[in-house]
$ cat upload.txt   # compact mmCIF, C-alpha atoms
# COMPACT_ATOMS: atom_id res chain seq x y z
CA MET Q 1 7.22 -195.86 153.52
CA VAL Q 2 7.39 -199.56 152.80
CA ASP Q 3 10.74 -199.14 150.99
CA GLN Q 4 12.16 -197.19 153.92
CA GLY Q 5 11.08 -199.99 156.34
CA ARG Q 6 12.73 -202.61 154.15
CA ARG Q 7 15.98 -200.64 153.96
CA ALA Q 8 15.97 -200.21 157.75
CA ARG Q 9 15.46 -203.95 158.38
CA ARG Q 10 18.19 -204.79 155.82
CA TRP Q 11 20.66 -202.44 157.54
CA LEU Q 12 19.87 -203.86 160.99
CA GLY Q 13 20.36 -207.44 159.67
CA ALA Q 14 23.74 -206.58 158.15
CA ALA Q 15 24.90 -204.93 161.35
CA ALA Q 16 23.80 -207.91 163.42
CA LEU Q 17 25.53 -210.34 161.02
CA ALA Q 18 28.74 -208.31 161.20
CA LEU Q 19 28.66 -208.51 164.98
CA VAL Q 20 28.18 -212.30 164.82
CA VAL Q 21 31.02 -212.72 162.33
CA VAL Q 22 33.37 -210.59 164.39
CA SER Q 23 32.40 -212.61 167.46
CA ILE Q 24 33.16 -215.88 165.61
CA ALA Q 25 36.42 -214.51 164.28
CA THR Q 26 37.63 -213.39 167.69
CA GLY Q 27 36.39 -216.51 169.51
CA PRO Q 28 39.17 -218.97 168.51
CA ALA Q 29 41.87 -216.59 169.74
CA ALA Q 30 40.67 -217.15 173.29
CA ALA Q 31 40.35 -220.95 172.65
CA VAL Q 32 43.91 -221.50 171.38
CA PRO Q 33 45.81 -223.59 174.00
CA PRO Q 34 49.11 -222.39 175.42
CA PRO Q 35 52.18 -223.35 173.36
CA PRO Q 36 53.65 -226.81 174.10
CA PRO Q 37 57.33 -227.21 175.07
CA ASN Q 38 59.72 -226.32 172.28
CA PRO Q 39 63.08 -228.14 172.78
CA SER Q 40 66.13 -226.38 171.41
CA ASP Q 41 68.11 -227.63 168.42
CA SER Q 42 71.08 -228.38 170.70
CA GLU Q 43 68.93 -230.58 172.93
CA ILE Q 44 67.63 -232.53 169.93
CA SER Q 45 71.15 -232.84 168.45
CA ALA Q 46 72.64 -234.07 171.72
CA SER Q 47 69.87 -236.63 172.10
CA GLN Q 48 70.40 -237.80 168.52
CA ARG Q 49 74.15 -238.13 169.05
CA ASP Q 50 73.54 -240.24 172.13
CA ALA Q 51 71.16 -242.49 170.18
CA ASN Q 52 73.66 -242.79 167.32
CA ALA Q 53 76.41 -243.77 169.76
CA LYS Q 54 74.19 -246.45 171.29
CA ALA Q 55 73.27 -247.69 167.81
CA GLY Q 56 76.97 -247.97 166.95
CA GLU Q 57 77.60 -249.89 170.14
CA VAL Q 58 74.72 -252.24 169.36
CA GLY Q 59 76.18 -252.76 165.90
CA GLN Q 60 79.58 -253.65 167.32
CA LEU Q 61 78.07 -256.05 169.83
CA THR Q 62 75.95 -257.58 167.07
CA ASN Q 63 79.08 -258.26 165.03
CA GLN Q 64 80.87 -259.68 168.06
CA LEU Q 65 77.88 -261.84 168.86
CA ALA Q 66 77.69 -263.09 165.26
CA GLU Q 67 81.35 -264.07 165.41
CA ALA Q 68 80.82 -265.71 168.79
CA GLU Q 69 77.81 -267.63 167.51
CA SER Q 70 79.84 -268.78 164.51
CA ARG Q 71 82.56 -269.97 166.86
CA LEU Q 72 79.95 -271.70 169.02
CA ASP Q 73 78.55 -273.45 165.95
CA GLU Q 74 82.06 -274.64 165.07
CA LEU Q 75 82.58 -275.89 168.62
CA GLN Q 76 79.20 -277.63 168.53
CA SER Q 77 80.28 -279.44 165.37
CA THR Q 78 83.56 -280.34 167.07
CA VAL Q 79 81.69 -281.69 170.09
CA GLU Q 80 79.50 -283.82 167.84
CA LEU Q 81 82.60 -285.11 166.01
CA ARG Q 82 84.38 -285.91 169.28
CA MET Q 83 81.27 -287.67 170.54
CA GLU Q 84 81.28 -289.86 167.44
CA GLU Q 85 85.00 -290.53 167.86
CA ALA Q 86 84.36 -291.52 171.48
CA ASN Q 87 81.59 -293.85 170.30
CA LYS Q 88 83.98 -295.36 167.73
CA ALA Q 89 86.64 -295.87 170.39
CA LEU Q 90 84.08 -297.56 172.61
CA VAL Q 91 83.04 -299.90 169.79
CA ASP Q 92 86.69 -300.62 168.94
CA LEU Q 93 87.45 -301.35 172.59
CA GLN Q 94 84.50 -303.73 172.87
CA THR Q 95 85.59 -305.46 169.66
CA ALA Q 96 89.17 -305.78 170.93
CA GLN Q 97 87.93 -307.15 174.25
CA ASP Q 98 85.79 -309.71 172.45
CA ALA Q 99 88.74 -310.69 170.24
CA ALA Q 100 91.04 -311.05 173.26
CA ASP Q 101 88.46 -313.17 175.08
CA GLN Q 102 88.10 -315.41 172.01
CA ALA Q 103 91.89 -315.66 171.67
CA GLN Q 104 92.14 -316.67 175.33
CA ARG Q 105 89.52 -319.37 174.79
CA ASP Q 106 91.33 -320.59 171.67
CA ALA Q 107 94.68 -320.67 173.52
CA ASP Q 108 93.16 -322.59 176.44
CA ALA Q 109 91.57 -325.11 174.05
CA ALA Q 110 94.83 -325.55 172.11
CA LYS Q 111 96.77 -326.17 175.31
CA ARG Q 112 94.24 -328.75 176.44
CA GLU Q 113 94.53 -330.55 173.10
CA ALA Q 114 98.35 -330.51 173.26
CA ASP Q 115 98.32 -331.78 176.85
CA ALA Q 116 95.89 -334.58 175.91
CA ALA Q 117 98.04 -335.59 172.93
CA GLN Q 118 101.14 -335.68 175.13
CA ALA Q 119 99.28 -337.84 177.65
CA GLN Q 120 98.34 -340.35 174.94
CA ILE Q 121 101.94 -340.52 173.70
CA ASP Q 122 103.20 -341.02 177.24
CA ALA Q 123 100.74 -343.92 177.74
CA ALA Q 124 101.75 -345.56 174.46
CA ARG Q 125 105.42 -345.27 175.32
CA ALA Q 126 104.78 -346.77 178.75
CA ASN Q 127 103.06 -349.78 177.14
CA LEU Q 128 105.94 -350.20 174.71
CA ASP Q 129 108.52 -349.97 177.49
CA ALA Q 130 106.61 -352.65 179.42
CA PHE Q 131 106.71 -354.93 176.41
CA ILE Q 132 110.47 -354.45 176.00
CA SER Q 133 111.04 -355.21 179.66
CA SER Q 134 109.02 -358.41 179.31
CA SER Q 135 111.02 -359.47 176.30
CA TYR Q 136 114.24 -359.18 178.30
CA GLN Q 137 112.86 -361.36 181.04
CA GLN Q 138 111.85 -364.06 178.47
CA GLY Q 139 115.35 -364.13 176.93
CA SER Q 140 114.41 -362.47 173.70
CA THR Q 141 117.17 -361.88 171.17
CA MET Q 142 115.88 -358.33 171.01
CA GLY Q 143 118.12 -356.29 173.26
CA SER Q 144 116.04 -353.16 173.00
CA ILE Q 145 113.38 -351.69 170.84
CA SER Q 146 115.95 -349.34 169.35
CA ALA Q 147 118.08 -352.35 168.29
CA TYR Q 148 115.02 -353.85 166.63
CA LEU Q 149 114.18 -350.69 164.83
CA GLY Q 150 117.82 -350.39 163.75
CA ALA Q 151 118.11 -353.88 162.09
CA THR Q 152 120.13 -353.74 158.87
CA SER Q 153 119.52 -357.16 157.18
CA PRO Q 154 116.78 -359.70 156.54
CA LYS Q 155 118.61 -362.16 158.85
CA ASP Q 156 118.27 -359.77 161.75
CA LEU Q 157 114.59 -359.26 160.98
CA LEU Q 158 113.91 -363.05 160.95
CA ALA Q 159 115.65 -363.40 164.31
CA ARG Q 160 113.18 -360.96 165.69
CA ALA Q 161 110.03 -362.67 164.32
CA GLN Q 162 108.46 -363.11 167.71
CA LEU Q 163 108.76 -359.36 168.36
CA LEU Q 164 107.16 -358.62 164.96
CA GLU Q 165 104.22 -360.80 165.99
CA ALA Q 166 103.93 -359.03 169.37
CA VAL Q 167 104.44 -355.51 168.16
CA SER Q 168 102.58 -355.02 164.88
CA GLY Q 169 103.36 -352.34 162.34
CA SER Q 170 100.03 -350.73 163.11
CA GLN Q 171 101.14 -350.03 166.70
CA LEU Q 172 104.34 -348.41 165.52
CA ASN Q 173 102.42 -346.42 162.96
CA ALA Q 174 99.93 -345.30 165.62
CA LEU Q 175 102.79 -344.13 167.83
CA GLU Q 176 104.28 -342.16 164.97
CA MET Q 177 100.89 -340.58 164.14
CA MET Q 178 100.36 -339.61 167.79
CA GLN Q 179 103.79 -337.99 167.81
CA GLN Q 180 102.92 -336.04 164.65
CA ALA Q 181 99.55 -335.03 166.13
CA GLN Q 182 101.29 -333.90 169.31
CA THR Q 183 103.68 -331.78 167.24
CA ASP Q 184 100.76 -330.20 165.34
CA LYS Q 185 98.87 -329.48 168.51
CA SER Q 186 101.94 -327.95 170.11
CA ASN Q 187 102.32 -325.70 167.06
CA LYS Q 188 98.66 -324.79 167.29
CA ASP Q 189 99.07 -324.03 170.98
CA ALA Q 190 102.03 -321.74 170.25
CA ALA Q 191 100.12 -319.93 167.47
CA ALA Q 192 97.09 -319.49 169.72
CA ARG Q 193 99.23 -317.99 172.46
CA GLN Q 194 100.85 -315.63 169.98
CA ALA Q 195 97.39 -314.59 168.72
CA LEU Q 196 96.34 -314.05 172.34
CA GLN Q 197 99.34 -311.80 172.91
CA LEU Q 198 98.50 -309.73 169.80
CA ALA Q 199 94.85 -309.53 170.82
CA GLN Q 200 95.79 -308.31 174.28
CA GLN Q 201 98.05 -305.67 172.73
CA ALA Q 202 95.18 -304.55 170.48
CA GLN Q 203 92.92 -304.41 173.53
CA ASP Q 204 95.44 -302.24 175.39
CA GLN Q 205 95.73 -299.92 172.38
CA ALA Q 206 91.93 -299.68 172.09
CA ALA Q 207 91.65 -298.90 175.80
CA GLN Q 208 94.20 -296.11 175.43
CA ALA Q 209 92.38 -294.80 172.35
CA LYS Q 210 89.14 -294.75 174.38
CA ILE Q 211 90.84 -292.74 177.13
CA THR Q 212 92.20 -290.30 174.53
CA ALA Q 213 88.82 -289.96 172.81
CA ASP Q 214 87.01 -289.37 176.12
CA SER Q 215 89.55 -286.72 177.05
CA ALA Q 216 89.15 -285.01 173.66
CA GLN Q 217 85.36 -285.09 174.03
CA ALA Q 218 85.56 -283.60 177.53
CA ALA Q 219 87.86 -280.83 176.27
CA ALA Q 220 85.51 -280.08 173.36
CA VAL Q 221 82.48 -279.93 175.66
CA GLN Q 222 84.36 -277.63 178.05
CA ALA Q 223 85.36 -275.34 175.18
CA GLN Q 224 81.76 -275.25 174.00
CA GLN Q 225 80.49 -274.45 177.48
CA ASN Q 226 83.07 -271.67 177.87
CA GLN Q 227 82.07 -270.20 174.51
CA ALA Q 228 78.39 -270.50 175.42
CA ALA Q 229 79.09 -268.57 178.64
CA GLN Q 230 80.86 -265.85 176.63
CA ASN Q 231 77.90 -265.75 174.24
CA ALA Q 232 75.52 -265.38 177.15
CA GLN Q 233 77.55 -262.44 178.45
CA LEU Q 234 77.51 -260.83 175.01
CA VAL Q 235 73.76 -261.39 174.71
CA ALA Q 236 73.19 -259.82 178.12
CA GLN Q 237 75.43 -256.87 177.25
CA LYS Q 238 73.76 -256.45 173.88
CA THR Q 239 70.31 -256.60 175.50
CA THR Q 240 71.33 -253.90 177.98
CA VAL Q 241 72.70 -251.61 175.26
CA GLU Q 242 69.66 -252.27 173.05
CA GLN Q 243 67.46 -251.15 175.94
CA GLN Q 244 69.61 -248.05 176.30
CA LEU Q 245 69.32 -247.48 172.55
CA PHE Q 246 65.55 -247.82 172.77
CA GLU Q 247 65.41 -245.30 175.59
CA ALA Q 248 67.71 -242.92 173.69
CA GLN Q 249 65.56 -243.26 170.59
CA GLN Q 250 62.50 -242.64 172.71
CA ARG Q 251 64.09 -239.45 174.02
CA VAL Q 252 64.89 -238.35 170.46
CA SER Q 253 61.37 -239.20 169.38
CA GLY Q 254 59.96 -237.38 172.41
CA LEU Q 255 61.93 -234.21 171.70
CA GLN Q 256 61.18 -234.38 168.01
CA GLY Q 257 57.53 -234.98 168.86
CA GLN Q 258 57.53 -231.92 171.13
CA ARG Q 259 59.11 -229.89 168.34
CA GLN Q 260 56.53 -231.17 165.86
CA ARG Q 261 53.67 -230.43 168.23
CA TYR Q 262 55.02 -226.92 168.76
CA ASP Q 263 55.34 -226.40 165.00
CA ASP Q 264 51.79 -227.69 164.55
CA TRP Q 265 50.57 -225.37 167.26
CA LEU Q 266 52.39 -222.44 165.69
CA ALA Q 267 50.97 -223.23 162.25
CA GLN Q 268 47.48 -223.61 163.70
CA LYS Q 269 47.76 -220.33 165.54
CA GLN Q 270 48.95 -218.59 162.38
CA ARG Q 271 46.05 -220.04 160.39
CA GLU Q 272 43.56 -218.96 163.01
CA ASP Q 273 45.07 -215.45 163.20
CA GLU Q 274 44.80 -215.20 159.42
CA GLU Q 275 41.23 -216.46 159.56
CA GLN Q 276 40.35 -213.86 162.18
CA ALA Q 277 41.80 -211.12 160.02
CA ARG Q 278 39.94 -212.39 156.97
CA GLN Q 279 36.66 -212.67 158.84
CA ALA Q 280 37.08 -209.20 160.33
CA ALA Q 281 37.79 -207.72 156.88
CA LEU Q 282 34.81 -209.55 155.42
CA ALA Q 283 32.54 -208.35 158.20
CA ALA Q 284 33.69 -204.79 157.74
CA ALA Q 285 33.09 -204.98 153.99
CA GLN Q 286 29.65 -206.48 154.50
CA ALA Q 287 28.76 -203.86 157.06
CA SER Q 288 29.93 -201.09 154.82
CA ASN Q 289 27.98 -202.44 151.87
CA SER Q 290 24.94 -203.31 154.04
CA GLN Q 291 24.77 -206.70 152.34
CA PRO Q 292 24.15 -209.95 154.27
CA SER Q 293 26.59 -212.78 153.67
CA GLY Q 294 27.30 -216.24 155.03
CA GLY Q 295 29.98 -217.02 157.59
CA GLY Q 296 33.40 -218.46 156.78
CA ASN Q 297 34.13 -222.17 156.62
CA ASN Q 298 36.05 -223.24 159.70
CA SER Q 299 36.10 -226.96 158.89
CA ARG Q 300 39.51 -228.64 158.85
CA PRO Q 301 40.65 -231.46 156.55
CA SER Q 302 40.44 -234.96 157.97
CA PRO Q 303 43.72 -236.68 158.63
CA PRO Q 304 44.95 -239.03 155.92
CA PRO Q 305 43.99 -242.69 156.32
CA VAL Q 306 46.50 -244.96 157.97
CA ALA Q 307 48.19 -247.18 155.41
CA SER Q 308 47.51 -250.88 155.85
CA GLY Q 309 50.39 -253.31 156.37
CA SER Q 310 51.78 -255.27 153.44
CA SER Q 311 51.96 -258.62 155.29
CA SER Q 312 48.87 -260.80 155.43
CA ALA Q 313 47.02 -261.35 158.68
CA THR Q 314 47.82 -265.05 158.53
CA ILE Q 315 51.58 -264.50 158.36
CA GLU Q 316 51.40 -261.99 161.19
CA ARG Q 317 49.46 -264.48 163.29
CA VAL Q 318 52.12 -267.14 162.63
CA VAL Q 319 54.88 -264.70 163.58
CA ALA Q 320 52.98 -263.55 166.66
CA ARG Q 321 52.55 -267.13 167.88
CA ALA Q 322 56.26 -267.80 167.49
CA MET Q 323 57.24 -264.50 169.13
CA SER Q 324 54.98 -265.26 172.08
CA GLN Q 325 57.35 -268.08 173.04
CA LEU Q 326 60.50 -265.97 173.37
CA GLY Q 327 62.56 -267.12 176.33
CA VAL Q 328 60.95 -270.56 176.55
CA PRO Q 329 63.66 -273.22 177.18
CA TYR Q 330 64.94 -275.47 174.43
CA ALA Q 331 63.86 -279.08 175.04
CA TRP Q 332 64.78 -281.75 172.50
CA GLY Q 333 61.59 -283.39 171.21
CA GLY Q 334 59.41 -280.74 172.90
CA GLY Q 335 56.52 -278.66 171.54
CA ASN Q 336 53.25 -279.28 169.72
CA ALA Q 337 50.33 -277.29 168.29
CA TYR Q 338 49.17 -276.32 171.78
CA GLY Q 339 52.45 -275.07 173.20
CA PRO Q 340 55.65 -276.28 174.90
CA THR Q 341 55.86 -279.88 176.14
CA ARG Q 342 58.35 -281.94 178.11
CA GLY Q 343 61.45 -282.98 176.17
CA ILE Q 344 62.60 -286.56 175.57
CA ARG Q 345 65.86 -288.44 176.04
CA ASP Q 346 68.40 -288.68 173.23
CA GLY Q 347 71.10 -290.66 175.03
CA GLY Q 348 73.64 -287.88 174.49
CA VAL Q 349 73.96 -284.10 174.61
CA ALA Q 350 70.26 -283.39 175.27
CA ASP Q 351 70.33 -285.74 178.26
CA ALA Q 352 73.44 -283.99 179.58
CA TYR Q 353 71.47 -280.72 179.60
CA GLY Q 354 68.45 -282.40 181.21
CA ASP Q 355 66.11 -281.69 178.28
CA TYR Q 356 63.90 -284.61 179.31
CA ARG Q 357 63.14 -282.68 182.52
CA LYS Q 358 62.38 -279.37 180.77
CA VAL Q 359 59.15 -278.09 179.22
CA GLY Q 360 59.89 -276.24 175.99
CA PHE Q 361 60.44 -276.51 172.24
CA ASP Q 362 62.97 -277.91 169.85
CA CYS Q 363 63.37 -276.25 166.44
CA SER Q 364 60.69 -278.23 164.59
CA GLY Q 365 58.35 -278.16 167.59
CA LEU Q 366 58.36 -274.34 167.53
CA MET Q 367 57.34 -274.42 163.85
CA ILE Q 368 54.48 -276.80 164.67
CA TYR Q 369 53.16 -274.31 167.23
CA ALA Q 370 53.68 -271.25 165.02
CA PHE Q 371 51.78 -272.72 162.05
CA ALA Q 372 49.03 -274.40 164.13
CA GLY Q 373 45.72 -273.65 162.47
CA VAL Q 374 47.47 -272.97 159.16
CA LYS Q 375 48.99 -276.37 158.46
CA ALA Q 376 49.74 -279.41 160.60
CA LEU Q 377 53.48 -280.07 160.45
CA PRO Q 378 55.40 -283.26 161.32
CA HIS Q 379 57.87 -283.12 164.20
CA TYR Q 380 60.92 -283.47 161.93
CA SER Q 381 62.67 -280.61 160.15
CA GLY Q 382 63.46 -282.77 157.12
CA TYR Q 383 59.76 -283.38 156.46
CA GLN Q 384 58.91 -279.74 157.19
CA TYR Q 385 61.31 -278.73 154.40
CA THR Q 386 59.06 -280.51 151.86
CA SER Q 387 55.76 -279.42 153.45
CA GLY Q 388 55.29 -276.29 151.29
CA ARG Q 389 56.44 -274.37 148.23
CA ARG Q 390 60.20 -273.89 148.07
CA VAL Q 391 61.53 -270.49 147.00
CA PRO Q 392 65.14 -269.30 146.51
CA LEU Q 393 66.71 -267.57 149.48
CA ALA Q 394 66.96 -264.39 147.41
CA GLN Q 395 63.13 -264.32 147.40
CA MET Q 396 62.54 -265.29 151.03
CA ARG Q 397 60.08 -263.15 152.95
CA ARG Q 398 58.53 -262.84 156.38
CA GLY Q 399 56.84 -266.06 157.47
CA ASP Q 400 59.06 -268.45 155.44
CA MET Q 401 60.88 -271.35 157.07
CA LEU Q 402 64.69 -271.56 156.73
CA PHE Q 403 66.67 -274.82 156.97
CA TRP Q 404 70.28 -275.84 157.65
CA GLY Q 405 72.28 -278.98 156.90
CA ARG Q 406 73.46 -279.60 153.36
CA GLY Q 407 74.63 -283.05 154.42
CA GLY Q 408 71.30 -283.75 156.13
CA ILE Q 409 68.75 -281.26 157.52
CA HIS Q 410 69.25 -280.67 161.24
CA HIS Q 411 67.68 -277.26 162.00
CA VAL Q 412 64.74 -274.99 161.04
CA ALA Q 413 63.83 -271.38 161.93
CA LEU Q 414 61.14 -268.82 161.01
CA TYR Q 415 62.23 -265.80 158.95
CA LEU Q 416 61.01 -262.44 160.32
CA GLY Q 417 62.39 -260.13 157.64
CA ASN Q 418 65.26 -257.63 157.64
CA GLY Q 419 67.79 -260.44 158.04
CA MET Q 420 66.30 -261.64 161.36
CA MET Q 421 64.75 -264.95 162.38
CA ILE Q 422 63.27 -266.66 165.43
CA GLU Q 423 64.45 -270.13 166.44
CA ALA Q 424 64.68 -272.72 169.19
CA PRO Q 425 68.47 -273.07 168.85
CA GLN Q 426 69.91 -275.95 170.92
CA SER Q 427 70.13 -277.53 174.37
CA GLY Q 428 70.97 -275.07 177.11
CA LEU Q 429 69.47 -272.04 175.29
CA THR Q 430 65.99 -270.56 174.88
CA VAL Q 431 63.74 -269.46 172.02
CA ARG Q 432 65.32 -266.29 170.63
CA VAL Q 433 65.41 -263.75 167.80
CA THR Q 434 68.76 -263.56 166.00
CA ARG Q 435 70.31 -262.74 162.67
CA VAL Q 436 70.10 -265.30 159.89
CA ARG Q 437 73.17 -267.57 159.77
CA TYR Q 438 74.18 -268.38 156.22
CA GLY Q 439 76.77 -271.04 156.99
CA ASP Q 440 75.41 -274.48 155.92
CA ILE Q 441 71.99 -272.94 155.10
CA LEU Q 442 69.96 -274.64 152.37
CA PRO Q 443 69.51 -272.62 149.15
CA PHE Q 444 65.70 -272.68 149.40
CA ALA Q 445 63.16 -271.48 151.95
CA THR Q 446 59.81 -273.21 152.46
CA ARG Q 447 56.65 -271.08 152.13
CA LEU Q 448 53.36 -272.23 153.63
CA VAL Q 449 51.42 -268.96 153.34
CA GLY Q 450 51.15 -266.84 150.21
$ encode --input "upload.txt" --output "structure tokens"
Amino acid sequence: MVDQGRRARRWLGAAALALVVVSIATGPAAAVPPPPPNPSDSEISASQRDANAKAGEVGQLTNQLAEAESRLDELQSTVELRMEEANKALVDLQTAQDAADQAQRDADAAKREADAAQAQIDAARANLDAFISSSYQQGSTMGSISAYLGATSPKDLLARAQLLEAVSGSQLNALEMMQQAQTDKSNKDAAARQALQLAQQAQDQAAQAKITADSAQAAAVQAQQNQAAQNAQLVAQKTTVEQQLFEAQQRVSGLQGQRQRYDDWLAQKQREDEEQARQAALAAAQASNSQPSGGGNNSRPSPPPVASGSSSATIERVVARAMSQLGVPYAWGGGNAYGPTRGIRDGGVADAYGDYRKVGFDCSGLMIYAFAGVKALPHYSGYQYTSGRRVPLAQMRRGDMLFWGRGGIHHVALYLGNGMMIEAPQSGLTVRVTRVRYGDILPFATRLVG
């Protein structure tokens, strides 16, 4: 009787368990969500072709922009050269003007000296003529001073003894010396006037050279401005196409994501259908054998962990600080550890662009802001080059500083990886991301982190 009661309770428990298992097995079928959209292969292919076309267009514009930037760099160098040539012409003109002024002063002084010498000679001759006239009136045997000076014998000289007493040899010698001095001063006056003429010719040539240099500088600046305008158009066009590429890639990703979600849904549904069948078969077997058993395991594996980035948090913070300033104006002398500051005057190109009125960064100022909190950097790219460990360009990595100017460092930028960098380029532009330029780049990068 007891055994029969136990067998009855065991059978009832198995039947109840089978009902529970069947209920669990059939439950998920009702809980499966409806299938998500499943884009066709042709839709995905068309979207991918559109994205590829935009990527090709971006590539072409990138190449055009690289060539345009190279041309702009060449024109910038030409402008700087023409500016120096204009400065040289200005210095030469000032020197020629000074030389002409000095030559004029020398010529004026020489003429005054010659005029004074002539006046002294004229006075001496007047005194001598007065003496000769007096000797005539006194009945002197001396008919004229020329007859005296032309005496040919000692007898003639003795007859003119009174005249020798009145007119001493020192007076005649003085007259001769004054005549020689007047000749020398006249020669000096002529030489000074010739020097003045040459100096004035040199001044005229320097003035013409200054006009030519100014014209060449203006033409170089105009060419640079025209190229800069073309670059701006290319940048705008490239930005537009890049946005179109991003949208096309988003469409591809969206369609591919829909396809993936549909495939995941299909796989999940298949797994759940298989699990229902397995649970139903197990329940039937348990019911037929009247043996209790545990339910199936419906737990799913946890998703794999997200892989951590390879770059350090410090480098990423440096890059993020630099990237946060995209579009900020270039201002020569601007920028510190706290952000953009007003630029300063340079007496040249920066002033022409009004950098002293702008709030922004120059190249080294952007590096100061990016590395604030990591290392305090001086506001000079040459000193920044020696502020950390130098590594060959072949080993450069994200967060390194790159430098240009083999004849003297004049620019610095922050390397972002994949051939890209961020920089504050030059007057008239803004902080931007661009491809690394290898013309005139130094063979080593400077590493402050890592």
$ residues_near_point --input "upload.txt" --point "(95.9, -301.9, 176.0)" --cutoff "12 Å" --atoms "all atoms listed in the file" --output "VMD selection string"
chain Q and resid 92 to 94 96 to 97 100 197 to 211
$ atom_distance --input "upload.txt" --atom1 "CA of Asn336 (chain Q)" --atom2 "CA of Arg389 (chain Q)"
22.3 Å
$ closest_atom_pairs --input "upload.txt" --of "region 301-388 of chain Q" --to "region 416-428 of chain Q" --cutoff "10 Å" --atoms "only C-alpha atoms" --output "JSON lines"
{"residue": "Q:Ile315", "atom": "CA", "partner": "Q:Leu416", "partner_atom": "CA", "distance": 9.8}
{"residue": "Q:Glu316", "atom": "CA", "partner": "Q:Leu416", "partner_atom": "CA", "distance": 9.7}
{"residue": "Q:Val319", "atom": "CA", "partner": "Q:Leu416", "partner_atom": "CA", "distance": 7.3}
{"residue": "Q:Ala322", "atom": "CA", "partner": "Q:Ile422", "partner_atom": "CA", "distance": 7.4}
{"residue": "Q:Met323", "atom": "CA", "partner": "Q:Ile422", "partner_atom": "CA", "distance": 7.4}
{"residue": "Q:Gln325", "atom": "CA", "partner": "Q:Ala424", "partner_atom": "CA", "distance": 9.5}
{"residue": "Q:Leu326", "atom": "CA", "partner": "Q:Ile422", "partner_atom": "CA", "distance": 8.4}
{"residue": "Q:Gly327", "atom": "CA", "partner": "Q:Ala424", "partner_atom": "CA", "distance": 9.3}
{"residue": "Q:Val328", "atom": "CA", "partner": "Q:Ala424", "partner_atom": "CA", "distance": 8.5}
{"residue": "Q:Pro329", "atom": "CA", "partner": "Q:Gly428", "partner_atom": "CA", "distance": 7.5}
{"residue": "Q:Tyr330", "atom": "CA", "partner": "Q:Ser427", "partner_atom": "CA", "distance": 5.6}
{"residue": "Q:Ala331", "atom": "CA", "partner": "Q:Ser427", "partner_atom": "CA", "distance": 6.5}
{"residue": "Q:Trp332", "atom": "CA", "partner": "Q:Ser427", "partner_atom": "CA", "distance": 7.1}
{"residue": "Q:Val349", "atom": "CA", "partner": "Q:Ser427", "partner_atom": "CA", "distance": 7.6}
{"residue": "Q:Ala350", "atom": "CA", "partner": "Q:Ser427", "partner_atom": "CA", "distance": 5.9}
{"residue": "Q:Asp351", "atom": "CA", "partner": "Q:Ser427", "partner_atom": "CA", "distance": 9.1}
{"residue": "Q:Ala352", "atom": "CA", "partner": "Q:Ser427", "partner_atom": "CA", "distance": 8.9}
{"residue": "Q:Tyr353", "atom": "CA", "partner": "Q:Gly428", "partner_atom": "CA", "distance": 6.2}
{"residue": "Q:Gly354", "atom": "CA", "partner": "Q:Ser427", "partner_atom": "CA", "distance": 8.6}
{"residue": "Q:Asp355", "atom": "CA", "partner": "Q:Ser427", "partner_atom": "CA", "distance": 7.0}
{"residue": "Q:Gly360", "atom": "CA", "partner": "Q:Ala424", "partner_atom": "CA", "distance": 9.0}
{"residue": "Q:Phe361", "atom": "CA", "partner": "Q:Ala424", "partner_atom": "CA", "distance": 6.5}
{"residue": "Q:Asp362", "atom": "CA", "partner": "Q:Ala424", "partner_atom": "CA", "distance": 5.5}
{"residue": "Q:Cys363", "atom": "CA", "partner": "Q:Ala424", "partner_atom": "CA", "distance": 4.7}
{"residue": "Q:Ser364", "atom": "CA", "partner": "Q:Ala424", "partner_atom": "CA", "distance": 8.2}
{"residue": "Q:Gly365", "atom": "CA", "partner": "Q:Ala424", "partner_atom": "CA", "distance": 8.5}
{"residue": "Q:Leu366", "atom": "CA", "partner": "Q:Ala424", "partner_atom": "CA", "distance": 6.7}
{"residue": "Q:Met367", "atom": "CA", "partner": "Q:Glu423", "partner_atom": "CA", "distance": 8.7}
$ closest_residue --input "upload.txt" --among "Q:Gln225, Q:Gln120, Q:Ser215, Q:Gln258" --to "Ala174 (chain Q)" --atoms "all atoms listed in the file"
Q:Gln120
$ atom_distance --input "upload.txt" --atom1 "CA of Ala232 (chain Q)" --atom2 "CA of Gly333 (chain Q)"
23.5 Å
$ axis_aligned_box --input "upload.txt" --around "region 58-71 of chain Q" --padding-each-side "6 Å" --output "JSON"
{"center_x": 78.6, "center_y": -261.1, "center_z": 167.2, "size_x": 19.8, "size_y": 29.7, "size_z": 17.3}
